[in-house]
Amino acid sequence: MSKRKPHNLKARIDRSCRSLLATNHVAVVNIDPSGHQGMINYKSLKNIAPGKIGQAVCGIPHRWTIYISAMCRDERGVEYVKSVEISPEGIYKVERLTDAIEHYYLELRNSCNQNHLVASGWIAVPTEVSLEEAQAAKLFYAAGAWHQVKVAA
């Protein structure tokens with residue numbers, strides 16, 4: 001008869017947290033220059049209050065899919081978006097995520113016409129799921145990327 005694996009509480013908690021995030025379709029949204037950051041359900045576009053879900057996002061490392069965008073408006077008032085989707089190698093905790101994507105984020109911002117740049121931001125999903133461009137645009141609009149007030153530094 002084969003031996004069963006010993007009980008691993010940490011692995012059980014990690015699975016439970018990942019399951020909670022997957023069922024709630026959690027995405028972390030960050031928008032500059034206002035500095036707004038929050039969690040949103042990427043299916044229903046509703047804000048998610050911090051709590052157990054926030055602990056699940058911050059408490060354990062995840063494989064992230066990050067959608068980085070620069071929202072621009074030209075002289076005629078036409079809005080357009082430049083975007084790139086990345087999946088960093090390895091697993092990261094949320095506090096180390098900005099270090100992993102900073103290069104891509106700055107590269108995208110610098111490639112835009114600075115006179116047209118309205119806002120920039122990223123959407124980080126703690127699973128390996130790809131966002132469509134229209135879905136990401138709805139998320140940024142729901143988070144207020146196009147209509148924001150810059151925070152005094």
# chains A, B, ... in the order shown; residues from 1 in each chain; ligands from 1
$ residues_around --residues "region 6-18 of chain A" --least-positions-apart "3" --cutoff "7 Å" --atoms "only C-alpha atoms" --output "PyMOL selection string"
chain A and resi 21-22+56+60
$ residues_around --residues "region 92-109 of chain A" --least-positions-apart "4" --cutoff "10 Å" --atoms "only C-alpha atoms" --output "PyMOL selection string"
chain A and resi 28+57-64+66-71+82-88+113-114+117+119-122+124+126
$ residues_around --residues "Lys43 (chain A)" --least-positions-apart "5" --cutoff "9 Å" --atoms "only C-alpha atoms" --output "list of chain:residue names"
A:Asn24, A:His25, A:Val26, A:Gln135
$ write_last_selection --atoms "N, CA and C atoms" --output "PDB file, in the first residue's frame"
ATOM      1  N   ASN A  24     -13.819  34.937  -8.106  1.00  0.00           N
ATOM      2  CA  ASN A  24     -14.229  36.339  -8.050  1.00  0.00           C
ATOM      3  C   ASN A  24     -13.651  37.168  -9.200  1.00  0.00           C
ATOM      4  N   HIS A  25     -12.900  36.545 -10.104  1.00  0.00           N
ATOM      5  CA  HIS A  25     -12.338  37.220 -11.284  1.00  0.00           C
ATOM      6  C   HIS A  25     -11.602  38.506 -10.887  1.00  0.00           C
ATOM      7  N   VAL A  26     -10.667  38.387  -9.962  1.00  0.00           N
ATOM      8  CA  VAL A  26      -9.986  39.539  -9.386  1.00  0.00           C
ATOM      9  C   VAL A  26      -8.877  40.046 -10.313  1.00  0.00           C
ATOM     10  N   GLN A 135     -11.974  44.410 -23.423  1.00  0.00           N
ATOM     11  CA  GLN A 135     -12.209  44.128 -22.006  1.00  0.00           C
ATOM     12  C   GLN A 135     -11.306  45.007 -21.132  1.00  0.00           C
TER      13      GLN A 135
END
$ closest_residue --among "A:Ala143, A:Arg4, A:Asn115, A:Ala27" --to "Thr65 (chain A)" --atoms "only C-alpha atoms"
A:Ala27
$ closest_residue --among "A:Lys5, A:Asn41, A:Ser111, A:His116" --to "Val78 (chain A)" --atoms "only C-alpha atoms"
A:His116
$ select_by_dssp --residues "chain A" --states "strand (DSSP E)" --output "ChimeraX atom specification"
/A:26-32,36-41,47-48,65-73,79-86,117-125
$ write_last_selection --atoms "C-alpha atoms" --output "PDB file, in the first residue's frame"
ATOM      1  CA  VAL A  26      -9.986  39.539  -9.386  1.00  0.00           C
ATOM      2  CA  ALA A  27      -7.744  42.049 -11.161  1.00  0.00           C
ATOM      3  CA  VAL A  28      -5.540  44.730  -9.610  1.00  0.00           C
ATOM      4  CA  VAL A  29      -5.772  48.075 -11.440  1.00  0.00           C
ATOM      5  CA  ASN A  30      -3.218  50.872 -11.094  1.00  0.00           C
ATOM      6  CA  ILE A  31      -3.659  54.248 -12.823  1.00  0.00           C
ATOM      7  CA  ASP A  32      -1.181  57.131 -13.072  1.00  0.00           C
ATOM      8  CA  HIS A  36      -5.448  55.196  -7.968  1.00  0.00           C
ATOM      9  CA  GLN A  37      -5.006  51.524  -7.175  1.00  0.00           C
ATOM     10  CA  GLY A  38      -7.682  49.010  -6.400  1.00  0.00           C
ATOM     11  CA  MET A  39      -9.185  45.619  -7.084  1.00  0.00           C
ATOM     12  CA  ILE A  40     -11.926  45.075  -9.612  1.00  0.00           C
ATOM     13  CA  ASN A  41     -13.878  42.107 -10.926  1.00  0.00           C
ATOM     14  CA  ASN A  47     -14.984  47.232  -7.358  1.00  0.00           C
ATOM     15  CA  ILE A  48     -13.853  44.672  -4.806  1.00  0.00           C
ATOM     16  CA  THR A  65      -0.664  38.375 -16.458  1.00  0.00           C
ATOM     17  CA  ILE A  66      -0.183  42.134 -16.782  1.00  0.00           C
ATOM     18  CA  TYR A  67      -1.850  44.396 -19.331  1.00  0.00           C
ATOM     19  CA  ILE A  68      -0.031  47.752 -19.569  1.00  0.00           C
ATOM     20  CA  SER A  69      -1.696  50.688 -21.348  1.00  0.00           C
ATOM     21  CA  ALA A  70      -1.125  54.337 -22.162  1.00  0.00           C
ATOM     22  CA  MET A  71      -4.312  56.314 -22.751  1.00  0.00           C
ATOM     23  CA  CYS A  72      -3.871  59.210 -25.175  1.00  0.00           C
ATOM     24  CA  ARG A  73      -5.994  61.976 -26.701  1.00  0.00           C
ATOM     25  CA  GLU A  79      -8.950  58.945 -27.880  1.00  0.00           C
ATOM     26  CA  TYR A  80      -6.559  56.078 -28.544  1.00  0.00           C
ATOM     27  CA  VAL A  81      -4.716  53.488 -26.491  1.00  0.00           C
ATOM     28  CA  LYS A  82      -1.277  51.879 -26.819  1.00  0.00           C
ATOM     29  CA  SER A  83      -1.032  48.593 -24.959  1.00  0.00           C
ATOM     30  CA  VAL A  84       1.136  45.565 -24.335  1.00  0.00           C
ATOM     31  CA  GLU A  85       0.418  42.354 -22.416  1.00  0.00           C
ATOM     32  CA  ILE A  86       3.203  40.596 -20.554  1.00  0.00           C
ATOM     33  CA  LEU A 117      -0.686  61.251 -22.953  1.00  0.00           C
ATOM     34  CA  VAL A 118      -3.699  61.491 -20.615  1.00  0.00           C
ATOM     35  CA  ALA A 119      -3.022  58.570 -18.306  1.00  0.00           C
ATOM     36  CA  SER A 120      -1.192  55.290 -18.070  1.00  0.00           C
ATOM     37  CA  GLY A 121      -1.748  52.220 -15.998  1.00  0.00           C
ATOM     38  CA  TRP A 122      -1.719  48.484 -15.689  1.00  0.00           C
ATOM     39  CA  ILE A 123      -4.099  45.663 -14.959  1.00  0.00           C
ATOM     40  CA  ALA A 124      -2.602  42.668 -13.157  1.00  0.00           C
ATOM     41  CA  VAL A 125      -4.545  39.410 -13.046  1.00  0.00           C
TER      42      VAL A 125
END
$ atom_distance --atom1 "CA of Leu20 (chain A)" --atom2 "CA of Ile53 (chain A)"
7.1 Å
$ atom_distance --atom1 "CA of Arg76 (chain A)" --atom2 "CA of Glu133 (chain A)"
22.8 Å
$ decode --residues "region 43-87 of chain A" --atoms "N, CA and C atoms" --output "CSV table (one decimal), in the first residue's frame"
chain,number,residue,atom,x,y,z
A,43,LYS,N,-14.9,40.6,-14.9
A,43,LYS,CA,-16.0,40.2,-15.6
A,43,LYS,C,-17.2,41.2,-15.4
A,44,SER,N,-17.5,41.5,-14.2
A,44,SER,CA,-18.7,42.4,-13.9
A,44,SER,C,-18.3,43.9,-13.8
A,45,LEU,N,-17.0,44.2,-13.8
A,45,LEU,CA,-16.5,45.6,-13.7
A,45,LEU,C,-16.9,46.3,-12.4
A,46,LYS,N,-17.1,45.5,-11.3
A,46,LYS,CA,-17.4,46.1,-10.0
A,46,LYS,C,-16.2,46.1,-9.1
A,47,ASN,N,-16.1,47.1,-8.3
A,47,ASN,CA,-15.0,47.2,-7.4
A,47,ASN,C,-15.1,46.2,-6.3
A,48,ILE,N,-13.9,45.7,-5.8
A,48,ILE,CA,-13.9,44.7,-4.8
A,48,ILE,C,-13.2,45.3,-3.6
A,49,ALA,N,-14.0,45.3,-2.5
A,49,ALA,CA,-13.5,45.8,-1.2
A,49,ALA,C,-12.3,45.0,-0.7
A,50,PRO,N,-11.3,45.6,0.0
A,50,PRO,CA,-10.3,44.8,0.6
A,50,PRO,C,-10.9,44.0,1.7
A,51,GLY,N,-10.3,42.9,2.0
A,51,GLY,CA,-10.7,42.0,3.0
A,51,GLY,C,-10.0,40.7,2.8
A,52,LYS,N,-10.8,39.6,2.8
A,52,LYS,CA,-10.2,38.3,2.6
A,52,LYS,C,-9.6,38.2,1.1
A,53,ILE,N,-10.3,38.8,0.2
A,53,ILE,CA,-9.8,38.8,-1.2
A,53,ILE,C,-8.5,39.6,-1.2
A,54,GLY,N,-8.4,40.7,-0.6
A,54,GLY,CA,-7.2,41.5,-0.5
A,54,GLY,C,-6.0,40.7,0.1
A,55,GLN,N,-6.4,39.9,1.2
A,55,GLN,CA,-5.4,39.1,1.8
A,55,GLN,C,-4.9,38.0,0.9
A,56,ALA,N,-5.8,37.5,0.1
A,56,ALA,CA,-5.4,36.4,-0.9
A,56,ALA,C,-4.5,36.9,-2.0
A,57,VAL,N,-4.8,38.2,-2.4
A,57,VAL,CA,-3.9,38.8,-3.4
A,57,VAL,C,-2.5,39.1,-2.9
A,58,CYS,N,-2.5,39.7,-1.7
A,58,CYS,CA,-1.2,40.1,-1.1
A,58,CYS,C,-0.4,39.0,-0.4
A,59,GLY,N,-1.1,38.0,0.1
A,59,GLY,CA,-0.5,37.1,1.0
A,59,GLY,C,0.4,36.0,0.4
A,60,ILE,N,0.1,35.7,-0.8
A,60,ILE,CA,0.8,34.6,-1.5
A,60,ILE,C,1.3,35.0,-2.9
A,61,PRO,N,2.4,34.4,-3.4
A,61,PRO,CA,2.9,34.8,-4.7
A,61,PRO,C,2.0,34.1,-5.8
A,62,HIS,N,1.9,34.8,-6.9
A,62,HIS,CA,1.1,34.3,-8.0
A,62,HIS,C,1.8,34.4,-9.4
A,63,ARG,N,1.4,33.7,-10.4
A,63,ARG,CA,1.8,33.9,-11.7
A,63,ARG,C,0.9,34.9,-12.3
A,64,TRP,N,1.5,36.1,-12.7
A,64,TRP,CA,0.7,37.2,-13.1
A,64,TRP,C,0.6,37.4,-14.6
A,65,THR,N,-0.5,37.9,-15.1
A,65,THR,CA,-0.7,38.4,-16.5
A,65,THR,C,-0.9,39.9,-16.3
A,66,ILE,N,-0.1,40.7,-17.0
A,66,ILE,CA,-0.2,42.1,-16.8
A,66,ILE,C,-0.5,42.8,-18.1
A,67,TYR,N,-1.5,43.6,-18.1
A,67,TYR,CA,-1.8,44.4,-19.3
A,67,TYR,C,-1.5,45.9,-19.1
A,68,ILE,N,-0.5,46.4,-19.8
A,68,ILE,CA,0.0,47.8,-19.6
A,68,ILE,C,-0.6,48.6,-20.7
A,69,SER,N,-1.1,49.8,-20.3
A,69,SER,CA,-1.7,50.7,-21.3
A,69,SER,C,-1.3,52.1,-21.1
A,70,ALA,N,-1.3,52.9,-22.2
A,70,ALA,CA,-1.1,54.3,-22.2
A,70,ALA,C,-2.3,54.9,-22.9
A,71,MET,N,-3.1,55.7,-22.2
A,71,MET,CA,-4.3,56.3,-22.8
A,71,MET,C,-4.0,57.7,-23.3
A,72,CYS,N,-4.3,58.0,-24.5
A,72,CYS,CA,-3.9,59.2,-25.2
A,72,CYS,C,-5.1,59.9,-25.8
A,73,ARG,N,-5.0,61.2,-26.0
A,73,ARG,CA,-6.0,62.0,-26.7
A,73,ARG,C,-5.3,63.0,-27.6
A,74,ASP,N,-5.5,62.9,-28.9
A,74,ASP,CA,-4.8,63.8,-29.8
A,74,ASP,C,-5.5,65.2,-29.9
A,75,GLU,N,-5.0,66.1,-30.7
A,75,GLU,CA,-5.4,67.5,-30.8
A,75,GLU,C,-6.9,67.6,-31.2
A,76,ARG,N,-7.4,66.7,-31.9
A,76,ARG,CA,-8.8,66.7,-32.4
A,76,ARG,C,-9.8,66.1,-31.3
A,77,GLY,N,-9.2,65.6,-30.2
A,77,GLY,CA,-10.0,65.0,-29.2
A,77,GLY,C,-10.3,63.5,-29.4
A,78,VAL,N,-9.6,62.9,-30.3
A,78,VAL,CA,-9.8,61.5,-30.6
A,78,VAL,C,-9.0,60.7,-29.6
A,79,GLU,N,-9.6,59.8,-28.9
A,79,GLU,CA,-8.9,58.9,-27.9
A,79,GLU,C,-8.4,57.7,-28.5
A,80,TYR,N,-7.2,57.3,-28.1
A,80,TYR,CA,-6.6,56.1,-28.5
A,80,TYR,C,-5.7,55.5,-27.4
A,81,VAL,N,-5.4,54.2,-27.5
A,81,VAL,CA,-4.7,53.5,-26.5
A,81,VAL,C,-3.6,52.7,-27.1
A,82,LYS,N,-2.4,52.7,-26.5
A,82,LYS,CA,-1.3,51.9,-26.8
A,82,LYS,C,-1.1,50.9,-25.7
A,83,SER,N,-1.1,49.6,-26.0
A,83,SER,CA,-1.0,48.6,-25.0
A,83,SER,C,-0.1,47.5,-25.3
A,84,VAL,N,0.3,46.8,-24.2
A,84,VAL,CA,1.1,45.6,-24.3
A,84,VAL,C,0.8,44.6,-23.2
A,85,GLU,N,0.7,43.3,-23.5
A,85,GLU,CA,0.4,42.4,-22.4
A,85,GLU,C,1.7,41.5,-22.2
A,86,ILE,N,2.0,41.4,-20.9
A,86,ILE,CA,3.2,40.6,-20.6
A,86,ILE,C,2.8,39.6,-19.5
A,87,SER,N,3.6,38.5,-19.4
A,87,SER,CA,3.5,37.5,-18.4
A,87,SER,C,4.9,37.3,-17.8
